[in-house]
Structures are given as C-alpha cells and as structure tokens.
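Participant: File follows, query-v2.txt with compact mmCIF, N, CA and C atoms:
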```
# COMPACT_ATOMS: atom_id res chain seq x y z
N MET A 1 -193.89 -121.32 -0.08
CA MET A 1 -194.32 -121.68 1.25
C MET A 1 -195.50 -120.81 1.65
N SER A 2 -196.51 -121.41 2.22
CA SER A 2 -197.68 -120.71 2.66
C SER A 2 -197.45 -120.20 4.09
N LEU A 3 -197.80 -118.92 4.32
CA LEU A 3 -197.56 -118.31 5.62
C LEU A 3 -198.86 -117.88 6.27
N THR A 4 -198.84 -117.84 7.59
CA THR A 4 -200.00 -117.40 8.36
C THR A 4 -199.55 -116.38 9.39
N LYS A 5 -200.36 -115.36 9.56
CA LYS A 5 -200.14 -114.37 10.61
C LYS A 5 -200.96 -114.82 11.81
N VAL A 6 -200.28 -115.01 12.94
CA VAL A 6 -200.95 -115.44 14.17
C VAL A 6 -200.87 -114.27 15.16
N TYR A 7 -202.04 -113.80 15.58
CA TYR A 7 -202.09 -112.71 16.54
C TYR A 7 -201.87 -113.23 17.96
N LYS A 8 -201.57 -112.34 18.87
CA LYS A 8 -201.26 -112.75 20.24
C LYS A 8 -202.45 -113.41 20.93
N ASP A 9 -203.66 -113.19 20.43
CA ASP A 9 -204.83 -113.87 20.99
C ASP A 9 -205.15 -115.15 20.21
N ALA A 10 -204.23 -115.58 19.35
CA ALA A 10 -204.29 -116.82 18.57
C ALA A 10 -205.22 -116.75 17.36
N ARG A 11 -205.77 -115.58 17.04
CA ARG A 11 -206.50 -115.44 15.77
C ARG A 11 -205.49 -115.59 14.64
N THR A 12 -205.95 -116.02 13.47
CA THR A 12 -205.04 -116.22 12.35
C THR A 12 -205.60 -115.63 11.07
N GLU A 13 -204.68 -115.34 10.14
CA GLU A 13 -205.06 -114.95 8.78
C GLU A 13 -203.91 -115.29 7.85
N SER A 14 -204.25 -115.64 6.62
CA SER A 14 -203.21 -115.93 5.62
C SER A 14 -202.49 -114.64 5.26
N ILE A 15 -201.21 -114.76 4.94
CA ILE A 15 -200.41 -113.58 4.63
C ILE A 15 -199.35 -113.94 3.60
N THR A 16 -198.98 -112.95 2.82
CA THR A 16 -197.88 -113.10 1.88
C THR A 16 -196.76 -112.18 2.34
N LEU A 17 -195.59 -112.72 2.45
CA LEU A 17 -194.44 -111.94 2.88
C LEU A 17 -193.44 -111.98 1.74
N ASP A 18 -193.39 -110.90 0.95
CA ASP A 18 -192.50 -110.89 -0.21
C ASP A 18 -191.11 -110.38 0.16
N GLU A 19 -190.20 -110.50 -0.78
CA GLU A 19 -188.81 -110.10 -0.53
C GLU A 19 -188.70 -108.62 -0.20
N ALA A 20 -189.56 -107.80 -0.77
CA ALA A 20 -189.52 -106.37 -0.50
C ALA A 20 -189.84 -106.09 0.97
N ALA A 21 -190.84 -106.79 1.50
CA ALA A 21 -191.21 -106.60 2.91
C ALA A 21 -190.08 -107.05 3.82
N VAL A 22 -189.48 -108.19 3.49
CA VAL A 22 -188.39 -108.71 4.32
C VAL A 22 -187.18 -107.78 4.24
N SER A 23 -186.90 -107.24 3.06
CA SER A 23 -185.73 -106.35 2.92
C SER A 23 -185.91 -105.05 3.69
N GLN A 24 -187.16 -104.62 3.90
CA GLN A 24 -187.43 -103.39 4.65
C GLN A 24 -187.67 -103.64 6.13
N ALA A 25 -187.68 -104.90 6.52
CA ALA A 25 -187.96 -105.24 7.91
C ALA A 25 -186.84 -104.80 8.84
N LEU A 26 -187.20 -104.58 10.07
CA LEU A 26 -186.21 -104.27 11.09
C LEU A 26 -185.56 -105.57 11.54
N SER A 27 -184.37 -105.46 12.08
CA SER A 27 -183.65 -106.66 12.52
C SER A 27 -183.01 -106.39 13.88
N ALA A 28 -182.30 -107.38 14.37
CA ALA A 28 -181.58 -107.23 15.63
C ALA A 28 -180.49 -106.18 15.52
N ASP A 29 -180.08 -105.87 14.31
CA ASP A 29 -179.04 -104.86 14.09
C ASP A 29 -179.59 -103.43 14.06
N THR A 30 -180.89 -103.28 14.09
CA THR A 30 -181.50 -101.96 14.14
C THR A 30 -181.10 -101.29 15.45
N THR A 31 -180.74 -100.02 15.40
CA THR A 31 -180.30 -99.33 16.61
C THR A 31 -181.48 -98.67 17.33
N PRO A 32 -181.33 -98.41 18.62
CA PRO A 32 -182.38 -97.68 19.34
C PRO A 32 -182.69 -96.32 18.71
N ASP A 33 -181.67 -95.63 18.18
CA ASP A 33 -181.90 -94.34 17.51
C ASP A 33 -182.78 -94.53 16.28
N GLU A 34 -182.55 -95.60 15.53
CA GLU A 34 -183.38 -95.88 14.36
C GLU A 34 -184.82 -96.17 14.78
N ILE A 35 -184.98 -96.91 15.87
CA ILE A 35 -186.33 -97.20 16.39
C ILE A 35 -187.03 -95.89 16.75
N GLU A 36 -186.33 -94.99 17.42
CA GLU A 36 -186.93 -93.72 17.81
C GLU A 36 -187.37 -92.91 16.59
N ALA A 37 -186.57 -92.91 15.53
CA ALA A 37 -186.93 -92.20 14.30
C ALA A 37 -188.17 -92.83 13.66
N ILE A 38 -188.25 -94.14 13.71
CA ILE A 38 -189.41 -94.84 13.14
C ILE A 38 -190.66 -94.53 13.95
N VAL A 39 -190.53 -94.49 15.27
CA VAL A 39 -191.67 -94.18 16.13
C VAL A 39 -192.21 -92.79 15.80
N VAL A 40 -191.34 -91.85 15.56
CA VAL A 40 -191.76 -90.49 15.20
C VAL A 40 -192.54 -90.51 13.88
N ALA A 41 -192.10 -91.32 12.92
CA ALA A 41 -192.79 -91.43 11.63
C ALA A 41 -194.14 -92.12 11.77
N SER A 42 -194.32 -92.92 12.82
CA SER A 42 -195.56 -93.59 13.17
C SER A 42 -196.19 -94.42 12.04
N PRO A 43 -195.45 -95.40 11.52
CA PRO A 43 -196.05 -96.27 10.50
C PRO A 43 -197.14 -97.14 11.12
N LYS A 44 -198.00 -97.69 10.27
CA LYS A 44 -199.12 -98.53 10.73
C LYS A 44 -198.62 -99.79 11.44
N SER A 45 -197.51 -100.34 10.96
CA SER A 45 -196.96 -101.55 11.58
C SER A 45 -195.45 -101.61 11.43
N LEU A 46 -194.83 -102.38 12.31
CA LEU A 46 -193.40 -102.64 12.24
C LEU A 46 -193.22 -104.14 12.08
N LEU A 47 -192.35 -104.54 11.18
CA LEU A 47 -192.03 -105.94 10.99
C LEU A 47 -190.59 -106.17 11.43
N PHE A 48 -190.42 -107.04 12.41
CA PHE A 48 -189.08 -107.45 12.84
C PHE A 48 -188.82 -108.82 12.26
N TYR A 49 -187.76 -108.94 11.48
CA TYR A 49 -187.40 -110.21 10.88
C TYR A 49 -186.14 -110.73 11.56
N LEU A 50 -186.25 -111.88 12.20
CA LEU A 50 -185.13 -112.45 12.94
C LEU A 50 -184.36 -113.43 12.07
N ALA A 51 -183.06 -113.25 12.01
CA ALA A 51 -182.21 -114.16 11.25
C ALA A 51 -181.75 -115.33 12.10
N ASP A 52 -181.79 -115.16 13.42
CA ASP A 52 -181.29 -116.19 14.33
C ASP A 52 -182.07 -116.14 15.64
N PHE A 53 -182.66 -117.24 16.03
CA PHE A 53 -183.50 -117.26 17.23
C PHE A 53 -182.69 -117.01 18.50
N LYS A 54 -181.38 -117.12 18.45
CA LYS A 54 -180.55 -116.95 19.66
C LYS A 54 -180.23 -115.49 19.95
N ASP A 55 -180.61 -114.58 19.06
CA ASP A 55 -180.30 -113.17 19.23
C ASP A 55 -181.46 -112.46 19.92
N GLY A 56 -181.29 -112.13 21.18
CA GLY A 56 -182.37 -111.55 21.97
C GLY A 56 -182.53 -110.05 21.89
N ARG A 57 -181.74 -109.40 21.05
CA ARG A 57 -181.83 -107.94 20.98
C ARG A 57 -183.19 -107.45 20.52
N VAL A 58 -183.89 -108.25 19.73
CA VAL A 58 -185.20 -107.83 19.22
C VAL A 58 -186.20 -107.62 20.36
N PHE A 59 -186.11 -108.43 21.41
CA PHE A 59 -186.98 -108.22 22.57
C PHE A 59 -186.82 -106.79 23.09
N SER A 60 -185.59 -106.36 23.22
CA SER A 60 -185.31 -105.02 23.73
C SER A 60 -185.76 -103.94 22.76
N LEU A 61 -185.58 -104.17 21.47
CA LEU A 61 -185.98 -103.18 20.47
C LEU A 61 -187.50 -103.02 20.43
N ILE A 62 -188.22 -104.11 20.55
CA ILE A 62 -189.69 -104.03 20.59
C ILE A 62 -190.12 -103.27 21.83
N ARG A 63 -189.54 -103.60 22.96
CA ARG A 63 -189.87 -102.91 24.21
C ARG A 63 -189.53 -101.42 24.10
N HIS A 64 -188.40 -101.11 23.47
CA HIS A 64 -187.98 -99.72 23.30
C HIS A 64 -189.01 -98.96 22.45
N ALA A 65 -189.48 -99.59 21.37
CA ALA A 65 -190.48 -98.94 20.52
C ALA A 65 -191.74 -98.62 21.32
N ARG A 66 -192.20 -99.57 22.12
CA ARG A 66 -193.39 -99.34 22.96
C ARG A 66 -193.13 -98.27 24.01
N HIS A 67 -191.94 -98.32 24.62
CA HIS A 67 -191.59 -97.33 25.64
C HIS A 67 -191.55 -95.91 25.05
N LYS A 68 -191.16 -95.80 23.81
CA LYS A 68 -191.10 -94.50 23.14
C LYS A 68 -192.44 -94.07 22.56
N GLY A 69 -193.48 -94.86 22.79
CA GLY A 69 -194.83 -94.44 22.41
C GLY A 69 -195.40 -95.05 21.14
N TYR A 70 -194.75 -96.04 20.57
CA TYR A 70 -195.29 -96.65 19.35
C TYR A 70 -196.55 -97.45 19.71
N THR A 71 -197.66 -97.16 19.03
CA THR A 71 -198.92 -97.83 19.33
C THR A 71 -199.42 -98.71 18.18
N GLY A 72 -198.71 -98.72 17.07
CA GLY A 72 -199.12 -99.55 15.94
C GLY A 72 -198.83 -101.03 16.18
N GLU A 73 -199.07 -101.81 15.15
CA GLU A 73 -198.89 -103.26 15.24
C GLU A 73 -197.41 -103.62 15.08
N ILE A 74 -196.93 -104.50 15.94
CA ILE A 74 -195.56 -105.02 15.84
C ILE A 74 -195.66 -106.50 15.52
N ILE A 75 -195.03 -106.88 14.39
CA ILE A 75 -195.09 -108.25 13.88
C ILE A 75 -193.69 -108.84 13.92
N VAL A 76 -193.58 -110.09 14.35
CA VAL A 76 -192.31 -110.81 14.41
C VAL A 76 -192.35 -111.94 13.38
N ALA A 77 -191.30 -112.04 12.57
CA ALA A 77 -191.20 -113.09 11.56
C ALA A 77 -189.77 -113.59 11.51
N GLY A 78 -189.57 -114.67 10.80
CA GLY A 78 -188.21 -115.19 10.62
C GLY A 78 -187.91 -116.37 11.51
N GLU A 79 -186.66 -116.47 11.91
CA GLU A 79 -186.16 -117.62 12.67
C GLU A 79 -186.25 -117.38 14.17
N PHE A 80 -187.44 -117.51 14.71
CA PHE A 80 -187.59 -117.43 16.16
C PHE A 80 -188.17 -118.75 16.66
N ALA A 81 -187.87 -119.08 17.89
CA ALA A 81 -188.40 -120.31 18.48
C ALA A 81 -189.83 -120.04 18.93
N LEU A 82 -190.72 -120.96 18.64
CA LEU A 82 -192.13 -120.75 18.97
C LEU A 82 -192.36 -120.55 20.46
N ASP A 83 -191.51 -121.15 21.29
CA ASP A 83 -191.68 -120.97 22.73
C ASP A 83 -191.24 -119.58 23.21
N GLN A 84 -190.69 -118.78 22.31
CA GLN A 84 -190.34 -117.40 22.64
C GLN A 84 -191.52 -116.45 22.45
N ALA A 85 -192.60 -116.92 21.85
CA ALA A 85 -193.71 -116.05 21.47
C ALA A 85 -194.27 -115.24 22.64
N ASN A 86 -194.50 -115.88 23.77
CA ASN A 86 -195.06 -115.14 24.91
C ASN A 86 -194.10 -114.07 25.42
N TYR A 87 -192.82 -114.30 25.29
CA TYR A 87 -191.85 -113.28 25.70
C TYR A 87 -191.87 -112.11 24.73
N PHE A 88 -192.10 -112.40 23.45
CA PHE A 88 -192.27 -111.31 22.48
C PHE A 88 -193.53 -110.51 22.80
N VAL A 89 -194.61 -111.19 23.16
CA VAL A 89 -195.85 -110.51 23.52
C VAL A 89 -195.62 -109.63 24.74
N LYS A 90 -194.93 -110.15 25.74
CA LYS A 90 -194.63 -109.35 26.94
C LYS A 90 -193.76 -108.14 26.61
N SER A 91 -192.95 -108.26 25.58
CA SER A 91 -192.11 -107.15 25.15
C SER A 91 -192.91 -106.11 24.37
N GLY A 92 -194.05 -106.53 23.78
CA GLY A 92 -194.89 -105.59 23.05
C GLY A 92 -195.30 -106.03 21.66
N ALA A 93 -194.96 -107.24 21.25
CA ALA A 93 -195.34 -107.73 19.92
C ALA A 93 -196.84 -108.06 19.88
N ASP A 94 -197.42 -107.89 18.70
CA ASP A 94 -198.85 -108.15 18.51
C ASP A 94 -199.14 -109.39 17.69
N ALA A 95 -198.21 -109.76 16.79
CA ALA A 95 -198.49 -110.86 15.88
C ALA A 95 -197.19 -111.50 15.40
N PHE A 96 -197.34 -112.68 14.80
CA PHE A 96 -196.20 -113.46 14.31
C PHE A 96 -196.52 -114.00 12.93
N VAL A 97 -195.50 -114.13 12.10
CA VAL A 97 -195.66 -114.75 10.79
C VAL A 97 -194.91 -116.07 10.82
N VAL A 98 -195.64 -117.16 10.57
CA VAL A 98 -195.06 -118.50 10.62
C VAL A 98 -195.57 -119.33 9.44
N ALA A 99 -194.87 -120.42 9.18
CA ALA A 99 -195.32 -121.37 8.17
C ALA A 99 -196.61 -122.02 8.66
N ASP A 100 -197.46 -122.42 7.73
CA ASP A 100 -198.75 -123.00 8.09
C ASP A 100 -198.63 -124.20 9.02
N ASP A 101 -197.57 -124.97 8.86
CA ASP A 101 -197.43 -126.16 9.71
C ASP A 101 -197.03 -125.83 11.15
N GLN A 102 -196.75 -124.56 11.44
CA GLN A 102 -196.39 -124.15 12.80
C GLN A 102 -197.53 -123.44 13.54
N VAL A 103 -198.63 -123.20 12.84
CA VAL A 103 -199.73 -122.42 13.42
C VAL A 103 -200.31 -123.06 14.67
N ALA A 104 -200.59 -124.35 14.63
CA ALA A 104 -201.20 -125.03 15.78
C ALA A 104 -200.31 -124.95 17.01
N THR A 105 -199.01 -125.17 16.82
CA THR A 105 -198.09 -125.11 17.95
C THR A 105 -197.99 -123.70 18.52
N LEU A 106 -197.88 -122.71 17.63
CA LEU A 106 -197.79 -121.32 18.10
C LEU A 106 -199.08 -120.90 18.80
N SER A 107 -200.22 -121.24 18.24
CA SER A 107 -201.50 -120.89 18.87
C SER A 107 -201.62 -121.51 20.26
N LYS A 108 -201.22 -122.76 20.39
CA LYS A 108 -201.27 -123.43 21.70
C LYS A 108 -200.31 -122.76 22.68
N THR A 109 -199.12 -122.41 22.21
CA THR A 109 -198.15 -121.72 23.06
C THR A 109 -198.71 -120.40 23.56
N LEU A 110 -199.34 -119.65 22.67
CA LEU A 110 -199.87 -118.33 23.05
C LEU A 110 -201.03 -118.44 24.04
N THR A 111 -201.82 -119.50 23.96
CA THR A 111 -202.96 -119.62 24.87
C THR A 111 -202.62 -120.39 26.14
N ASP A 112 -201.58 -121.22 26.12
CA ASP A 112 -201.20 -122.00 27.30
C ASP A 112 -200.55 -121.18 28.39
N LEU A 113 -199.75 -120.22 28.03
CA LEU A 113 -199.00 -119.46 29.01
C LEU A 113 -199.66 -118.11 29.26
N ALA A 114 -200.75 -118.15 29.99
CA ALA A 114 -201.54 -116.93 30.21
C ALA A 114 -201.01 -116.06 31.33
N THR A 115 -200.10 -116.57 32.15
CA THR A 115 -199.58 -115.76 33.24
C THR A 115 -198.06 -115.69 33.18
N GLY A 116 -197.52 -114.66 33.75
CA GLY A 116 -196.09 -114.51 33.84
C GLY A 116 -195.57 -115.12 35.13
N HIS A 117 -194.28 -115.04 35.33
CA HIS A 117 -193.68 -115.64 36.52
C HIS A 117 -194.14 -114.98 37.81
N ASN A 118 -194.59 -113.73 37.71
CA ASN A 118 -195.04 -113.04 38.92
C ASN A 118 -196.53 -113.23 39.19
N GLY A 119 -197.19 -114.09 38.38
CA GLY A 119 -198.60 -114.39 38.61
C GLY A 119 -199.57 -113.43 37.96
N GLU A 120 -199.08 -112.37 37.34
CA GLU A 120 -199.98 -111.43 36.68
C GLU A 120 -200.34 -111.95 35.30
N SER A 121 -201.58 -111.72 34.92
CA SER A 121 -202.05 -112.14 33.60
C SER A 121 -201.41 -111.27 32.53
N VAL A 122 -201.01 -111.90 31.44
CA VAL A 122 -200.40 -111.16 30.33
C VAL A 122 -201.39 -110.19 29.73
N ASN A 123 -202.63 -110.61 29.54
CA ASN A 123 -203.61 -109.73 28.92
C ASN A 123 -204.76 -109.36 29.87
N ARG A 124 -204.56 -109.53 31.14
CA ARG A 124 -205.47 -109.07 32.18
C ARG A 124 -206.89 -109.62 32.06
N LEU A 125 -207.04 -110.79 31.52
CA LEU A 125 -208.34 -111.44 31.45
C LEU A 125 -208.47 -112.41 32.61
N PRO A 126 -209.67 -112.75 33.02
CA PRO A 126 -209.82 -113.74 34.09
C PRO A 126 -209.24 -115.09 33.65
N LEU A 127 -208.50 -115.74 34.53
CA LEU A 127 -207.95 -117.04 34.20
C LEU A 127 -209.02 -118.12 34.26
N PHE A 128 -210.02 -117.91 35.11
CA PHE A 128 -211.08 -118.90 35.26
C PHE A 128 -212.41 -118.19 35.15
N SER A 129 -213.35 -118.86 34.53
CA SER A 129 -214.69 -118.24 34.44
C SER A 129 -215.75 -119.21 34.88
```
Now that the file is in, can you turn its structure into structure tokens?

Facilitator:
Amino acid sequence: MSLTKVYKDARTESITLDEAAVSQALSADTTPDEIEAIVVASPKSLLFYLADFKDGRVFSLIRHARHKGYTGEIIVAGEFALDQANYFVKSGADAFVVADDQVATLSKTLTDLATGHNGESVNRLPLFS
C-alpha cells in the first residue's frame, strides 16, 4: 500500500512506514510518565499509531507531550477517522500518515475547518483576504 504524509497545512509527501517504525510507535496505551521520559530525550519526531479510532486517549497524550515542552514533529498514523484530524491538530499534531486514496479527503478536512468552536483560528491566519 502506498502511503502519504499529510501536514496540517495540507502539504503532502510520499512516505514509507515499515514494521519497525510501527512497532516503535507510541499508542493509546503509552502512559503520561512514558511521554515525559520521551520529551526529555527530545527525539526529532513522535509517531502515534492508533489501533482504533474510538480511543481518544491519544488526543490527551499529544497534548501532554506539548504541555511538557515537546517541540518536535508529532505524526498520527493508523486507524483514525479523517474528520478527527483537526482535533489532532488542536491537540498538537503536525502531520498524518494515510493511504494515497485518503489524501484528498484529509487535505480538504484540514483546510475546511479553519476555526474552532470559539471562533479562534487554529493557525492564526486571516480567514479572508
């Protein structure tokens, strides 16, 4: 299966996600203490692999990593619903790994929902120019 990395601004690039990367990925079962230890190690990127789109713990773990000072790239892959993408971005995610046939839908989702429920822009850009 061909995969694409889609950034929160809808830029894309081809990517290979091998079994080694998936086996080392963080999951919903990762504990906050483990996140804190990873933040201290300061890797270039964190990969969260979701086994089930109904498990919302990853939103909290991503937010926890950002709250603890992680500034690297946070990537979400696996079984997540495309309409969850903006909520992952609001939590602190930077990019997503999806099958090529999902890129158009994910890109549209990321660009369509530019504001949150409180009216603030997600990325603080002008809504109209």

Participant: Choose the residue, out of A:Thr71, A:Val39, A:Ala28, A:Leu110, that has the smallest atom-to-atom separation from Gly56 of chain A; count all atoms listed in the file.

Facilitator: A:Ala28

Participant: List every residue of chain A that DSSP, applied to the backbone of this structure, places in helix (DSSP H, G or I), and write the result as a PyMOL selection string.

Facilitator: chain A and resi 19-24+32-41+57-67+82-91+100-112

Participant: Can you list, as an MDAnalysis selection string, every residue of chain A that DSSP puts in strand (DSSP E or B)?

Facilitator: chainID A and resid 3:7 12:15 26 45:50 73:78 95:99 115 121

Participant: Export N, CA and C atoms of the chosen residues as a PDB file, in the frame of the given file?

Facilitator:
```
ATOM      1  N   LEU A   3    -197.800-118.920   4.320  1.00  0.00           N
ATOM      2  CA  LEU A   3    -197.560-118.310   5.620  1.00  0.00           C
ATOM      3  C   LEU A   3    -198.860-117.880   6.270  1.00  0.00           C
ATOM      4  N   THR A   4    -198.840-117.840   7.590  1.00  0.00           N
ATOM      5  CA  THR A   4    -200.000-117.400   8.360  1.00  0.00           C
ATOM      6  C   THR A   4    -199.550-116.380   9.390  1.00  0.00           C
ATOM      7  N   LYS A   5    -200.360-115.360   9.560  1.00  0.00           N
ATOM      8  CA  LYS A   5    -200.140-114.370  10.610  1.00  0.00           C
ATOM      9  C   LYS A   5    -200.960-114.820  11.810  1.00  0.00           C
ATOM     10  N   VAL A   6    -200.280-115.010  12.940  1.00  0.00           N
ATOM     11  CA  VAL A   6    -200.950-115.440  14.170  1.00  0.00           C
ATOM     12  C   VAL A   6    -200.870-114.270  15.160  1.00  0.00           C
ATOM     13  N   TYR A   7    -202.040-113.800  15.580  1.00  0.00           N
ATOM     14  CA  TYR A   7    -202.090-112.710  16.540  1.00  0.00           C
ATOM     15  C   TYR A   7    -201.870-113.230  17.960  1.00  0.00           C
ATOM     16  N   THR A  12    -205.950-116.020  13.470  1.00  0.00           N
ATOM     17  CA  THR A  12    -205.040-116.220  12.350  1.00  0.00           C
ATOM     18  C   THR A  12    -205.600-115.630  11.070  1.00  0.00           C
ATOM     19  N   GLU A  13    -204.680-115.340  10.140  1.00  0.00           N
ATOM     20  CA  GLU A  13    -205.060-114.950   8.780  1.00  0.00           C
ATOM     21  C   GLU A  13    -203.910-115.290   7.850  1.00  0.00           C
ATOM     22  N   SER A  14    -204.250-115.640   6.620  1.00  0.00           N
ATOM     23  CA  SER A  14    -203.210-115.930   5.620  1.00  0.00           C
ATOM     24  C   SER A  14    -202.490-114.640   5.260  1.00  0.00           C
ATOM     25  N   ILE A  15    -201.210-114.760   4.940  1.00  0.00           N
ATOM     26  CA  ILE A  15    -200.410-113.580   4.630  1.00  0.00           C
ATOM     27  C   ILE A  15    -199.350-113.940   3.600  1.00  0.00           C
ATOM     28  N   LEU A  26    -187.200-104.580  10.070  1.00  0.00           N
ATOM     29  CA  LEU A  26    -186.210-104.270  11.090  1.00  0.00           C
ATOM     30  C   LEU A  26    -185.560-105.570  11.540  1.00  0.00           C
ATOM     31  N   SER A  45    -197.510-100.340  10.960  1.00  0.00           N
ATOM     32  CA  SER A  45    -196.960-101.550  11.580  1.00  0.00           C
ATOM     33  C   SER A  45    -195.450-101.610  11.430  1.00  0.00           C
ATOM     34  N   LEU A  46    -194.830-102.380  12.310  1.00  0.00           N
ATOM     35  CA  LEU A  46    -193.400-102.640  12.240  1.00  0.00           C
ATOM     36  C   LEU A  46    -193.220-104.140  12.080  1.00  0.00           C
ATOM     37  N   LEU A  47    -192.350-104.540  11.180  1.00  0.00           N
ATOM     38  CA  LEU A  47    -192.030-105.940  10.990  1.00  0.00           C
ATOM     39  C   LEU A  47    -190.590-106.170  11.430  1.00  0.00           C
ATOM     40  N   PHE A  48    -190.420-107.040  12.410  1.00  0.00           N
ATOM     41  CA  PHE A  48    -189.080-107.450  12.840  1.00  0.00           C
ATOM     42  C   PHE A  48    -188.820-108.820  12.260  1.00  0.00           C
ATOM     43  N   TYR A  49    -187.760-108.940  11.480  1.00  0.00           N
ATOM     44  CA  TYR A  49    -187.400-110.210  10.880  1.00  0.00           C
ATOM     45  C   TYR A  49    -186.140-110.730  11.560  1.00  0.00           C
ATOM     46  N   LEU A  50    -186.250-111.880  12.200  1.00  0.00           N
ATOM     47  CA  LEU A  50    -185.130-112.450  12.940  1.00  0.00           C
ATOM     48  C   LEU A  50    -184.360-113.430  12.070  1.00  0.00           C
ATOM     49  N   GLU A  73    -199.070-101.810  15.150  1.00  0.00           N
ATOM     50  CA  GLU A  73    -198.890-103.260  15.240  1.00  0.00           C
ATOM     51  C   GLU A  73    -197.410-103.620  15.080  1.00  0.00           C
ATOM     52  N   ILE A  74    -196.930-104.500  15.940  1.00  0.00           N
ATOM     53  CA  ILE A  74    -195.560-105.020  15.840  1.00  0.00           C
ATOM     54  C   ILE A  74    -195.660-106.500  15.520  1.00  0.00           C
ATOM     55  N   ILE A  75    -195.030-106.880  14.390  1.00  0.00           N
ATOM     56  CA  ILE A  75    -195.090-108.250  13.880  1.00  0.00           C
ATOM     57  C   ILE A  75    -193.690-108.840  13.920  1.00  0.00           C
ATOM     58  N   VAL A  76    -193.580-110.090  14.350  1.00  0.00           N
ATOM     59  CA  VAL A  76    -192.310-110.810  14.410  1.00  0.00           C
ATOM     60  C   VAL A  76    -192.350-111.940  13.380  1.00  0.00           C
ATOM     61  N   ALA A  77    -191.300-112.040  12.570  1.00  0.00           N
ATOM     62  CA  ALA A  77    -191.200-113.090  11.560  1.00  0.00           C
ATOM     63  C   ALA A  77    -189.770-113.590  11.510  1.00  0.00           C
ATOM     64  N   GLY A  78    -189.570-114.670  10.800  1.00  0.00           N
ATOM     65  CA  GLY A  78    -188.210-115.190  10.620  1.00  0.00           C
ATOM     66  C   GLY A  78    -187.910-116.370  11.510  1.00  0.00           C
ATOM     67  N   ALA A  95    -198.210-109.760  16.790  1.00  0.00           N
ATOM     68  CA  ALA A  95    -198.490-110.860  15.880  1.00  0.00           C
ATOM     69  C   ALA A  95    -197.190-111.500  15.400  1.00  0.00           C
ATOM     70  N   PHE A  96    -197.340-112.680  14.800  1.00  0.00           N
ATOM     71  CA  PHE A  96    -196.200-113.460  14.310  1.00  0.00           C
ATOM     72  C   PHE A  96    -196.520-114.000  12.930  1.00  0.00           C
ATOM     73  N   VAL A  97    -195.500-114.130  12.100  1.00  0.00           N
ATOM     74  CA  VAL A  97    -195.660-114.750  10.790  1.00  0.00           C
ATOM     75  C   VAL A  97    -194.910-116.070  10.820  1.00  0.00           C
ATOM     76  N   VAL A  98    -195.640-117.160  10.570  1.00  0.00           N
ATOM     77  CA  VAL A  98    -195.060-118.500  10.620  1.00  0.00           C
ATOM     78  C   VAL A  98    -195.570-119.330   9.440  1.00  0.00           C
ATOM     79  N   ALA A  99    -194.870-120.420   9.180  1.00  0.00           N
ATOM     80  CA  ALA A  99    -195.320-121.370   8.170  1.00  0.00           C
ATOM     81  C   ALA A  99    -196.610-122.020   8.660  1.00  0.00           C
ATOM     82  N   THR A 115    -200.100-116.570  32.150  1.00  0.00           N
ATOM     83  CA  THR A 115    -199.580-115.760  33.240  1.00  0.00           C
ATOM     84  C   THR A 115    -198.060-115.690  33.180  1.00  0.00           C
ATOM     85  N   SER A 121    -201.580-111.720  34.920  1.00  0.00           N
ATOM     86  CA  SER A 121    -202.050-112.140  33.600  1.00  0.00           C
ATOM     87  C   SER A 121    -201.410-111.270  32.530  1.00  0.00           C
TER      88      SER A 121
END
```

Participant: Have a look at A:Thr109, A:Ser91, A:Ser27, A:Asp9 and name the one nearest to Arg63 of chain A; count all atoms listed in the file.

Facilitator: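 The shortest atom-to-atom distance to Arg63 of chain A comes from A:Ser91.
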
Participant: Please provide as a PDB file with N, CA and C atoms, in the frame of the given file all residues within 8 Å of Asp29 of chain A, with the sequence filter that same-chain residues fewer than 3 positions apart are discarded (counting only N, CA and C atoms).

Facilitator:
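Okay, around_31.pdb is ready:
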```pdb
ATOM      1  N   LEU A  26    -187.200-104.580  10.070  1.00  0.00           N
ATOM      2  CA  LEU A  26    -186.210-104.270  11.090  1.00  0.00           C
ATOM      3  C   LEU A  26    -185.560-105.570  11.540  1.00  0.00           C
ATOM      4  N   PRO A  32    -181.330 -98.410  18.620  1.00  0.00           N
ATOM      5  CA  PRO A  32    -182.380 -97.680  19.340  1.00  0.00           C
ATOM      6  C   PRO A  32    -182.690 -96.320  18.710  1.00  0.00           C
ATOM      7  N   ARG A  57    -181.740-109.400  21.050  1.00  0.00           N
ATOM      8  CA  ARG A  57    -181.830-107.940  20.980  1.00  0.00           C
ATOM      9  C   ARG A  57    -183.190-107.450  20.520  1.00  0.00           C
ATOM     10  N   VAL A  58    -183.890-108.250  19.730  1.00  0.00           N
ATOM     11  CA  VAL A  58    -185.200-107.830  19.220  1.00  0.00           C
ATOM     12  C   VAL A  58    -186.200-107.620  20.360  1.00  0.00           C
TER      13      VAL A  58
END
```

Participant: Could you tell me how far atom N of Ala104 of chain A lies from atom C of Ile15 of chain A, in Å and to one decimal?

Facilitator: 15.2 Å
